[in-house]
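This is query-v5.csv. It holds CSV, C-alpha atoms.
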chain,number,residue,atom,x,y,z
A,35,SER,CA,0.0,0.0,0.0
A,36,GLN,CA,1.0,3.6,-0.5
A,37,LYS,CA,2.1,5.5,2.6
A,38,ILE,CA,4.1,8.4,4.0
A,39,GLU,CA,5.7,8.1,7.4
A,40,GLN,CA,7.1,10.8,9.6
A,41,ASN,CA,8.8,10.4,13.0
A,42,SER,CA,5.7,9.4,15.1
A,43,GLU,CA,7.4,10.4,18.3
A,44,ALA,CA,7.7,14.0,19.3
A,45,LEU,CA,11.2,15.4,19.0
A,46,ASN,CA,12.6,17.3,21.9
A,47,ILE,CA,15.8,19.2,21.5
A,48,GLN,CA,17.8,21.9,23.2
A,49,GLU,CA,18.0,25.4,21.9
A,50,GLY,CA,20.9,25.9,19.5
A,51,LYS,CA,21.0,22.3,18.4
A,52,THR,CA,20.1,21.1,14.9
A,53,ALA,CA,16.7,19.4,14.6
A,54,THR,CA,16.3,16.7,12.0
A,55,LEU,CA,12.9,15.4,10.9
A,56,THR,CA,12.4,12.4,8.6
A,57,CYS,CA,9.8,11.8,5.9
A,58,ASN,CA,9.8,8.3,4.3
A,59,TYR,CA,7.4,7.2,1.6
A,60,THR,CA,6.7,4.0,-0.3
A,61,ASN,CA,5.1,3.3,-3.7
A,62,TYR,CA,5.1,7.0,-4.8
A,63,SER,CA,7.2,8.7,-7.4
A,64,PRO,CA,6.7,12.4,-6.4
A,65,ALA,CA,7.7,15.2,-8.7
A,66,TYR,CA,8.0,17.5,-5.7
A,67,LEU,CA,8.2,17.2,-1.9
A,68,GLN,CA,7.0,20.0,0.3
A,69,TRP,CA,7.4,20.8,4.0
A,70,TYR,CA,4.8,22.8,6.0
A,71,ARG,CA,4.8,24.1,9.5
A,72,GLN,CA,1.6,24.0,11.7
A,73,ASP,CA,1.1,25.8,14.9
A,74,PRO,CA,-1.6,24.7,17.4
A,75,GLY,CA,-5.0,26.0,16.3
A,76,ARG,CA,-3.8,27.2,12.9
A,77,GLY,CA,-3.6,25.9,9.4
A,78,PRO,CA,-0.3,24.6,7.9
A,79,VAL,CA,2.0,27.2,6.4
A,80,PHE,CA,4.3,26.3,3.4
A,81,LEU,CA,8.1,26.4,4.1
A,82,LEU,CA,10.1,24.7,1.4
A,83,LEU,CA,9.7,22.7,-1.8
A,84,ILE,CA,12.3,20.4,-3.3
A,85,ARG,CA,12.1,18.9,-6.8
A,86,GLU,CA,12.9,15.3,-7.6
A,87,ASN,CA,16.1,16.3,-9.5
A,88,GLU,CA,17.4,18.4,-6.5
A,89,LYS,CA,19.4,16.8,-3.8
A,90,GLU,CA,19.3,19.7,-1.3
A,91,LYS,CA,17.5,23.0,-0.8
A,92,ARG,CA,18.2,25.7,1.8
A,93,LYS,CA,16.3,28.7,3.1
A,94,GLU,CA,17.9,30.6,6.0
A,95,ARG,CA,18.2,28.1,8.9
A,96,LEU,CA,16.2,25.4,7.0
A,97,LYS,CA,17.7,22.6,4.9
A,98,VAL,CA,15.8,19.9,3.0
A,99,THR,CA,17.3,16.9,1.3
A,100,PHE,CA,15.5,14.5,-1.0
A,101,ASP,CA,16.8,11.1,-1.9
A,102,THR,CA,14.5,9.4,-4.4
A,103,THR,CA,16.4,6.2,-4.2
A,104,LEU,CA,15.9,5.9,-0.5
A,105,LYS,CA,12.5,7.5,-0.9
A,106,GLN,CA,13.3,9.8,2.0
A,107,SER,CA,13.4,13.5,2.8
A,108,LEU,CA,15.2,15.0,5.7
A,109,PHE,CA,14.3,18.4,7.1
A,110,HIS,CA,16.9,20.2,9.2
A,111,ILE,CA,16.6,23.3,11.4
A,112,THR,CA,20.0,24.6,12.4
A,113,ALA,CA,20.5,26.7,15.5
A,114,SER,CA,17.0,25.9,16.7
A,115,GLN,CA,15.0,28.3,18.8
A,116,PRO,CA,12.0,27.9,21.0
A,117,ALA,CA,10.0,29.7,18.4
A,118,ASP,CA,10.7,26.8,16.0
A,119,SER,CA,8.5,24.6,18.2
A,120,ALA,CA,5.6,23.4,16.1
A,121,THR,CA,4.4,20.4,14.1
A,122,TYR,CA,6.1,19.9,10.7
A,123,LEU,CA,4.3,18.1,7.9
A,124,CYS,CA,5.8,16.7,4.7
A,125,ALA,CA,3.7,16.5,1.6
A,126,LEU,CA,4.2,14.7,-1.7
A,127,ASP,CA,3.1,16.1,-5.0
A,128,ILE,CA,2.7,13.1,-7.2
A,129,GLY,CA,1.8,15.1,-10.3
A,130,GLN,CA,-2.0,14.7,-10.0
A,131,GLY,CA,-3.1,18.2,-10.7
A,132,GLY,CA,-1.9,19.9,-7.5
A,133,LYS,CA,-3.1,17.3,-5.1
A,134,LEU,CA,-0.8,16.7,-2.1
A,135,ILE,CA,-0.4,13.6,0.0
A,136,PHE,CA,0.4,14.6,3.6
A,137,GLY,CA,2.3,12.8,6.3
A,138,GLN,CA,0.9,12.8,9.8
A,139,GLY,CA,3.5,15.3,11.0
A,140,THR,CA,6.2,15.4,13.6
A,141,GLU,CA,5.9,17.6,16.7
A,142,LEU,CA,9.1,19.5,17.5
A,143,SER,CA,9.7,21.1,20.9
A,144,VAL,CA,12.8,23.3,21.4
A,145,LYS,CA,13.7,23.9,25.0
A,146,PRO,CA,15.6,27.0,26.1
B,279,ASP,CA,-3.4,41.2,1.1
B,280,ALA,CA,-4.8,38.0,-0.4
B,281,GLU,CA,-6.1,35.5,2.1
B,282,ILE,CA,-8.2,32.4,2.7
B,283,THR,CA,-10.9,32.5,5.3
B,284,GLN,CA,-13.1,29.8,6.8
B,285,SER,CA,-16.4,30.2,8.8
B,286,PRO,CA,-17.5,29.3,11.3
B,287,ARG,CA,-14.3,28.7,13.3
B,288,HIS,CA,-16.2,26.5,15.7
B,289,LYS,CA,-19.4,24.6,15.3
B,290,ILE,CA,-21.4,22.2,17.5
B,291,THR,CA,-24.2,20.3,15.8
B,292,GLU,CA,-26.3,17.2,16.4
B,293,THR,CA,-26.3,13.9,14.6
B,294,GLY,CA,-28.4,14.0,11.4
B,295,ARG,CA,-28.3,17.7,10.8
B,296,GLN,CA,-27.0,19.2,7.6
B,297,VAL,CA,-24.0,21.5,8.1
B,298,THR,CA,-22.2,23.7,5.7
B,299,LEU,CA,-18.7,25.0,6.2
B,300,ALA,CA,-17.6,28.1,4.2
B,301,CYS,CA,-14.3,28.7,2.5
B,302,HIS,CA,-13.5,31.9,0.7
B,303,GLN,CA,-10.2,32.8,-0.9
B,304,THR,CA,-9.0,36.1,-2.5
B,305,TRP,CA,-5.9,34.6,-4.2
B,306,ASN,CA,-7.8,34.0,-7.4
B,307,HIS,CA,-6.6,30.4,-7.3
B,308,ASN,CA,-8.3,27.9,-9.5
B,309,ASN,CA,-7.5,24.9,-7.2
B,310,MET,CA,-9.3,24.5,-3.9
B,311,PHE,CA,-9.2,21.6,-1.5
B,312,TRP,CA,-11.0,20.5,1.7
B,313,TYR,CA,-9.1,18.3,4.3
B,314,ARG,CA,-10.0,16.9,7.6
B,315,GLN,CA,-7.3,16.5,10.3
B,316,ASP,CA,-7.6,13.9,13.1
B,317,LEU,CA,-5.0,12.7,15.6
B,318,GLY,CA,-3.0,9.9,14.1
B,319,HIS,CA,-4.2,10.5,10.6
B,320,GLY,CA,-2.8,13.8,9.5
B,321,LEU,CA,-4.5,15.7,6.7
B,322,ARG,CA,-6.9,13.7,4.6
B,323,LEU,CA,-8.4,15.0,1.4
B,324,ILE,CA,-12.2,15.1,1.3
B,325,HIS,CA,-13.0,17.0,-2.0
B,326,TYR,CA,-11.2,19.2,-4.4
B,327,SER,CA,-11.9,21.5,-7.3
B,328,TYR,CA,-9.8,22.7,-10.3
B,329,GLY,CA,-12.2,25.5,-11.3
B,330,VAL,CA,-15.8,26.7,-11.5
B,331,GLN,CA,-18.3,23.9,-11.9
B,332,ASP,CA,-15.5,21.3,-11.3
B,333,THR,CA,-15.5,19.1,-8.2
B,334,ASN,CA,-13.8,15.8,-7.4
B,335,LYS,CA,-13.8,13.2,-4.7
B,336,GLY,CA,-10.8,12.8,-2.4
B,337,GLU,CA,-9.8,10.0,-0.1
B,338,VAL,CA,-12.6,10.4,2.4
B,339,SER,CA,-15.5,11.9,0.6
B,340,ASP,CA,-18.4,9.7,1.9
B,341,GLY,CA,-21.0,11.9,3.6
B,342,TYR,CA,-19.6,15.2,2.2
B,343,SER,CA,-20.3,17.3,-0.9
B,344,VAL,CA,-19.0,20.5,-2.4
B,345,SER,CA,-20.0,22.9,-5.1
B,346,ARG,CA,-18.0,25.5,-7.0
B,347,SER,CA,-20.1,28.3,-8.5
B,348,ASN,CA,-17.4,30.9,-8.5
B,349,THR,CA,-13.6,31.1,-8.2
B,350,GLU,CA,-13.5,32.4,-4.6
B,351,ASP,CA,-15.7,29.9,-2.7
B,352,LEU,CA,-15.9,26.2,-2.1
B,353,PRO,CA,-18.4,25.4,0.6
B,354,LEU,CA,-18.3,21.9,2.2
B,355,THR,CA,-21.6,20.3,3.1
B,356,LEU,CA,-22.2,17.4,5.5
B,357,GLU,CA,-25.5,16.0,4.4
B,358,SER,CA,-26.4,14.3,7.6
B,359,ALA,CA,-23.7,14.8,10.3
B,360,ALA,CA,-22.3,11.8,12.1
B,361,SER,CA,-20.2,11.6,15.2
B,362,SER,CA,-17.4,10.2,13.1
B,363,GLN,CA,-17.3,13.6,11.3
B,364,THR,CA,-16.1,15.4,14.4
B,365,SER,CA,-12.8,16.8,13.3
B,366,VAL,CA,-10.9,19.9,12.3
B,367,TYR,CA,-11.6,20.9,8.7
B,368,PHE,CA,-9.1,22.9,6.6
B,369,CYS,CA,-9.6,24.6,3.3
B,370,ALA,CA,-6.7,25.3,1.0
B,371,SER,CA,-6.1,26.8,-2.4
B,372,SER,CA,-3.3,26.8,-4.9
B,373,GLU,CA,-2.4,28.0,-8.4
B,374,ALA,CA,-3.3,25.8,-11.3
B,375,SER,CA,0.3,25.6,-12.4
B,376,GLY,CA,3.8,25.9,-10.8
B,377,SER,CA,4.9,24.5,-7.5
B,378,ASN,CA,1.4,23.6,-6.2
B,379,GLU,CA,2.2,25.3,-2.9
B,380,GLN,CA,-1.0,25.3,-0.9
B,381,PHE,CA,-2.4,28.2,1.2
B,382,PHE,CA,-4.5,27.1,4.1
B,383,GLY,CA,-7.3,28.7,6.0
B,384,PRO,CA,-7.4,28.8,9.8
B,385,GLY,CA,-9.6,25.8,10.1
B,386,THR,CA,-13.1,25.0,11.5
B,387,ARG,CA,-13.5,22.8,14.5
B,388,LEU,CA,-16.7,20.8,14.1
B,389,THR,CA,-18.2,18.7,16.9
B,390,VAL,CA,-21.1,16.4,16.2
B,391,LEU,CA,-23.0,15.3,19.3

The structure in this file should be written as structure tokens.
Amino acid sequence: SQKIEQNSEALNIQEGKTATLTCNYTNYSPAYLQWYRQDPGRGPVFLLLIRENEKEKRKERLKVTFDTTLKQSLFHITASQPADSATYLCALDIGQGGKLIFGQGTELSVKP
Amino acid sequence: DAEITQSPRHKITETGRQVTLACHQTWNHNNMFWYRQDLGHGLRLIHYSYGVQDTNKGEVSDGYSVSRSNTEDLPLTLESAASSQTSVYFCASSEASGSNEQFFGPGTRLTVL
């Protein structure tokens, strides 16, 4: 069956450390992979997109990697801050007219 | 500034009642989506539309319907609300081409008693 898996356990890290979140998928061949941030009581907000032919994408303290052989994306937040605490969702664009398939999200908590 | 809004933000209803959740976007996007979010399931697609008069079923469409009479609005109707439809509902929109980045509304928390 087709599925997307993110770290099911919440991730707790110390301020200043690098947070690494994982998104694994099976039986998809996504054209793009996107990462979203969701704060409690709010809708998801787009952060980054990486294409299937890109290995790595950076935006400020964020870095995303995409390995289509391993069927995995890693999302890194360097020099993490308490304000980075949120749930992070990965989403696959499988080229079906803009439809996205979302993972269940990983909750990140950054402690001061 | 362009935005996407949902109303109501909170709704309590009874089993068997018809409920309509509103979604309005001013991005002028052709694509619009409805999701429900439940613990352990993430975001699941209910219905989506690629333009006026176009509607399509998503992964969990049973018991829900949508209509698209203009670009800005995609109301979601629960024909006969069931307790299993207690959830948080999100509307989203995206451009018809490009990266397919989706812009989400603030969500509607629906409780069916």

Wanna dump the chain B-chain A contacts at 12 Å for me, each residue with its shortest atom pair and the distance in Å to one decimal, counting all atoms listed in the file, ordered by chain and number, as CSV?
residue,atom,partner,partner_atom,distance
B:Ile282,CA,A:Gly77,CA,10.4
B:Thr283,CA,A:Gly77,CA,10.7
B:Gln284,CA,A:Gly77,CA,10.6
B:Arg287,CA,A:Gly75,CA,10.1
B:His288,CA,A:Gly75,CA,11.2
B:His307,CA,A:Gly132,CA,11.5
B:Asn308,CA,A:Gly132,CA,10.4
B:Asn309,CA,A:Gly132,CA,7.5
B:Met310,CA,A:Gly132,CA,9.4
B:Phe311,CA,A:Lys133,CA,8.3
B:Trp312,CA,A:Lys133,CA,10.9
B:Tyr313,CA,A:Phe136,CA,10.2
B:Arg314,CA,A:Gly77,CA,11.2
B:Gln315,CA,A:Gln138,CA,9.0
B:Asp316,CA,A:Gln138,CA,9.2
B:Leu317,CA,A:Gln138,CA,8.3
B:Gly318,CA,A:Gln138,CA,6.5
B:His319,CA,A:Gln138,CA,5.7
B:Gly320,CA,A:Gln138,CA,3.8
B:Leu321,CA,A:Phe136,CA,5.9
B:Arg322,CA,A:Phe136,CA,7.4
B:Leu323,CA,A:Ile135,CA,8.2
B:Ile324,CA,A:Lys133,CA,11.3
B:His325,CA,A:Lys133,CA,10.4
B:Tyr326,CA,A:Lys133,CA,8.3
B:Ser327,CA,A:Gly131,CA,10.0
B:Tyr328,CA,A:Gly131,CA,8.1
B:Gly329,CA,A:Gly131,CA,11.7
B:Asn334,CA,A:Lys133,CA,11.0
B:Lys335,CA,A:Lys133,CA,11.5
B:Gly336,CA,A:Lys133,CA,9.3
B:Glu337,CA,A:Ile135,CA,10.1
B:Val366,CA,A:Gly75,CA,9.4
B:Tyr367,CA,A:Gly77,CA,9.5
B:Phe368,CA,A:Gly77,CA,6.9
B:Cys369,CA,A:Gly77,CA,8.7
B:Ala370,CA,A:Gly77,CA,9.0
B:Ser371,CA,A:Gly132,CA,9.6
B:Ser372,CA,A:Gly132,CA,7.5
B:Glu373,CA,A:Gly132,CA,8.2
B:Ala374,CA,A:Gly132,CA,7.2
B:Ser375,CA,A:Gly132,CA,7.8
B:Gly376,CA,A:Gly132,CA,8.9
B:Ser377,CA,A:Leu83,CA,7.7
B:Asn378,CA,A:Gly132,CA,5.1
B:Glu379,CA,A:Phe80,CA,6.7
B:Gln380,CA,A:Phe80,CA,6.9
B:Phe381,CA,A:Val79,CA,6.9
B:Phe382,CA,A:Gly77,CA,5.5
B:Gly383,CA,A:Gly77,CA,5.8
B:Pro384,CA,A:Gly77,CA,4.8
B:Gly385,CA,A:Gly77,CA,6.0
B:Thr386,CA,A:Gly75,CA,9.5
B:Arg387,CA,A:Gly75,CA,9.3

Keeping only C-alpha atoms, write those residues as a short mmCIF file (atom, residue, chain, number, x, y, z; two decimals), keeping the file's coordinate frame.
data_model
loop_
_atom_site.label_atom_id
_atom_site.label_comp_id
_atom_site.auth_asym_id
_atom_site.auth_seq_id
_atom_site.Cartn_x
_atom_site.Cartn_y
_atom_site.Cartn_z
CA ILE B 282 -8.20 32.40 2.70
CA THR B 283 -10.90 32.50 5.30
CA GLN B 284 -13.10 29.80 6.80
CA ARG B 287 -14.30 28.70 13.30
CA HIS B 288 -16.20 26.50 15.70
CA HIS B 307 -6.60 30.40 -7.30
CA ASN B 308 -8.30 27.90 -9.50
CA ASN B 309 -7.50 24.90 -7.20
CA MET B 310 -9.30 24.50 -3.90
CA PHE B 311 -9.20 21.60 -1.50
CA TRP B 312 -11.00 20.50 1.70
CA TYR B 313 -9.10 18.30 4.30
CA ARG B 314 -10.00 16.90 7.60
CA GLN B 315 -7.30 16.50 10.30
CA ASP B 316 -7.60 13.90 13.10
CA LEU B 317 -5.00 12.70 15.60
CA GLY B 318 -3.00 9.90 14.10
CA HIS B 319 -4.20 10.50 10.60
CA GLY B 320 -2.80 13.80 9.50
CA LEU B 321 -4.50 15.70 6.70
CA ARG B 322 -6.90 13.70 4.60
CA LEU B 323 -8.40 15.00 1.40
CA ILE B 324 -12.20 15.10 1.30
CA HIS B 325 -13.00 17.00 -2.00
CA TYR B 326 -11.20 19.20 -4.40
CA SER B 327 -11.90 21.50 -7.30
CA TYR B 328 -9.80 22.70 -10.30
CA GLY B 329 -12.20 25.50 -11.30
CA ASN B 334 -13.80 15.80 -7.40
CA LYS B 335 -13.80 13.20 -4.70
CA GLY B 336 -10.80 12.80 -2.40
CA GLU B 337 -9.80 10.00 -0.10
CA VAL B 366 -10.90 19.90 12.30
CA TYR B 367 -11.60 20.90 8.70
CA PHE B 368 -9.10 22.90 6.60
CA CYS B 369 -9.60 24.60 3.30
CA ALA B 370 -6.70 25.30 1.00
CA SER B 371 -6.10 26.80 -2.40
CA SER B 372 -3.30 26.80 -4.90
CA GLU B 373 -2.40 28.00 -8.40
CA ALA B 374 -3.30 25.80 -11.30
CA SER B 375 0.30 25.60 -12.40
CA GLY B 376 3.80 25.90 -10.80
CA SER B 377 4.90 24.50 -7.50
CA ASN B 378 1.40 23.60 -6.20
CA GLU B 379 2.20 25.30 -2.90
CA GLN B 380 -1.00 25.30 -0.90
CA PHE B 381 -2.40 28.20 1.20
CA PHE B 382 -4.50 27.10 4.10
CA GLY B 383 -7.30 28.70 6.00
CA PRO B 384 -7.40 28.80 9.80
CA GLY B 385 -9.60 25.80 10.10
CA THR B 386 -13.10 25.00 11.50
CA ARG B 387 -13.50 22.80 14.50
#

Quiz item: Counting all atoms listed in the file, which of A:Leu104, A:Ala53, A:Val98, A:Ile47 gets nearest to Cys124 (chain A)?
Solution: A:Val98

Exercise. Can you work out which one of A:Lys89, A:Leu108, A:Glu141, A:Tyr122 has the shortest atom-to-atom distance to Thr56 (chain A), counting all atoms listed in the file?
Key: A:Leu108

Can you report as AutoDock Vina command-line options the centre and edge lengths in Å, to one decimal, of an axis-aligned box around the listed atoms of region 90-93 of chain A padded with 3 Å on each side?
--center_x 17.8 --center_y 24.2 --center_z 0.9 --size_x 9.0 --size_y 15.0 --size_z 10.4

Self-check item: Ser358 (chain B) environment, 8 Å, all atoms listed in the file, sequence neighbours closer than 4 positions dropped, as a count of residues only
Solution: 6

Practice problem: Place a sphere of radius 7 Å on (9.8, 11.6, 15.5) in the file coordinates and name every protein, DNA or RNA residue with an atom inside or on its surface, counting all atoms listed in the file; give the answer as a VMD selection string. | Solution: chain A and resid 40 to 45 55 140

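Considering the residues B:Asp340, B:Glu350, B:Glu292, B:Asp332 and counting all atoms listed in the file, Thr364 (chain B) has its shortest atom-to-atom contact with B:Glu292.
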
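Take CA of Tyr62 (chain A) and CA of Glu88 (chain A): the distance between them is 16.9 Å.
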
Quiz item: Which is closest to Asn87 (chain A) among A:Ser119, A:Ser114, A:Thr103, A:Gln72, if we use all atoms listed in the file?
Solution: A:Thr103

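Pairwise distance (CA of Gln363 (chain B), CA of Ser339 (chain B)) equals 11.0 Å.
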
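The gap separating CA of Thr99 (chain A) from CA of Val144 (chain A) is 21.6 Å, in Å to one decimal.
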
Hey, could you patch up region 53-64 of chain A with all heavy atoms and hand it over as a CSV table (one decimal), keeping the file's coordinate frame?
chain,number,residue,atom,x,y,z
A,53,ALA,N,17.8,20.3,14.6
A,53,ALA,CA,16.7,19.4,14.6
A,53,ALA,C,16.6,18.7,13.3
A,53,ALA,O,16.8,19.4,12.2
A,53,ALA,CB,15.4,20.1,14.9
A,54,THR,N,16.5,17.4,13.3
A,54,THR,CA,16.3,16.7,12.0
A,54,THR,C,15.1,15.8,12.0
A,54,THR,O,14.9,15.0,12.9
A,54,THR,CB,17.5,15.7,11.8
A,54,THR,OG1,18.7,16.5,11.7
A,54,THR,CG2,17.4,14.9,10.5
A,55,LEU,N,14.2,16.1,11.0
A,55,LEU,CA,12.9,15.4,10.9
A,55,LEU,C,13.0,14.6,9.7
A,55,LEU,O,13.6,15.0,8.6
A,55,LEU,CB,11.8,16.4,10.8
A,55,LEU,CG,11.4,17.1,12.1
A,55,LEU,CD1,12.4,18.0,12.7
A,55,LEU,CD2,10.1,17.9,11.9
A,56,THR,N,12.3,13.4,9.7
A,56,THR,CA,12.4,12.4,8.6
A,56,THR,C,11.0,12.2,8.0
A,56,THR,O,10.0,12.2,8.7
A,56,THR,CB,12.9,11.1,9.2
A,56,THR,OG1,14.2,11.3,9.8
A,56,THR,CG2,13.0,10.1,8.0
A,57,CYS,N,11.0,12.1,6.7
A,57,CYS,CA,9.8,11.8,5.9
A,57,CYS,C,10.2,10.6,5.0
A,57,CYS,O,11.0,10.8,4.1
A,57,CYS,CB,9.3,13.0,5.2
A,57,CYS,SG,7.9,12.7,4.1
A,58,ASN,N,9.6,9.5,5.2
A,58,ASN,CA,9.8,8.3,4.3
A,58,ASN,C,8.5,8.0,3.6
A,58,ASN,O,7.4,8.1,4.1
A,58,ASN,CB,10.2,7.1,5.2
A,58,ASN,CG,11.5,7.3,5.8
A,58,ASN,OD1,12.5,7.4,5.2
A,58,ASN,ND2,11.5,7.3,7.1
A,59,TYR,N,8.6,7.5,2.4
A,59,TYR,CA,7.4,7.2,1.6
A,59,TYR,C,7.7,5.9,0.8
A,59,TYR,O,8.8,5.5,0.6
A,59,TYR,CB,7.0,8.3,0.7
A,59,TYR,CG,8.0,8.7,-0.3
A,59,TYR,CD1,8.1,8.2,-1.6
A,59,TYR,CD2,9.0,9.7,0.0
A,59,TYR,CE1,9.0,8.5,-2.5
A,59,TYR,CE2,10.0,10.0,-0.9
A,59,TYR,CZ,10.0,9.5,-2.2
A,59,TYR,OH,10.9,9.8,-3.1
A,60,THR,N,6.6,5.2,0.5
A,60,THR,CA,6.7,4.0,-0.3
A,60,THR,C,5.7,4.1,-1.4
A,60,THR,O,4.6,4.7,-1.3
A,60,THR,CB,6.3,2.8,0.6
A,60,THR,OG1,5.0,2.9,1.1
A,60,THR,CG2,7.3,2.6,1.7
A,61,ASN,N,6.0,3.5,-2.5
A,61,ASN,CA,5.1,3.3,-3.7
A,61,ASN,C,4.6,4.6,-4.3
A,61,ASN,O,3.6,4.7,-4.9
A,61,ASN,CB,3.9,2.5,-3.3
A,61,ASN,CG,4.3,1.1,-2.9
A,61,ASN,OD1,5.3,0.6,-3.3
A,61,ASN,ND2,3.5,0.5,-2.0
A,62,TYR,N,5.3,5.7,-4.1
A,62,TYR,CA,5.1,7.0,-4.8
A,62,TYR,C,6.3,7.3,-5.6
A,62,TYR,O,7.4,6.9,-5.3
A,62,TYR,CB,4.8,8.1,-3.8
A,62,TYR,CG,3.5,8.1,-3.1
A,62,TYR,CD1,3.4,7.9,-1.7
A,62,TYR,CD2,2.3,8.2,-3.7
A,62,TYR,CE1,2.3,7.9,-1.0
A,62,TYR,CE2,1.1,8.1,-3.1
A,62,TYR,CZ,1.1,8.0,-1.7
A,62,TYR,OH,-0.1,8.0,-1.0
A,63,SER,N,6.1,8.1,-6.6
A,63,SER,CA,7.2,8.7,-7.4
A,63,SER,C,6.9,10.2,-7.5
A,63,SER,O,6.4,10.7,-8.5
A,63,SER,CB,7.3,8.1,-8.8
A,63,SER,OG,7.7,6.8,-8.7
A,64,PRO,N,7.1,11.0,-6.4
A,64,PRO,CA,6.7,12.4,-6.4
A,64,PRO,C,7.6,13.2,-7.3
A,64,PRO,O,8.8,13.0,-7.4
A,64,PRO,CB,6.9,12.7,-4.9
A,64,PRO,CG,8.0,11.8,-4.4
A,64,PRO,CD,7.7,10.5,-5.1
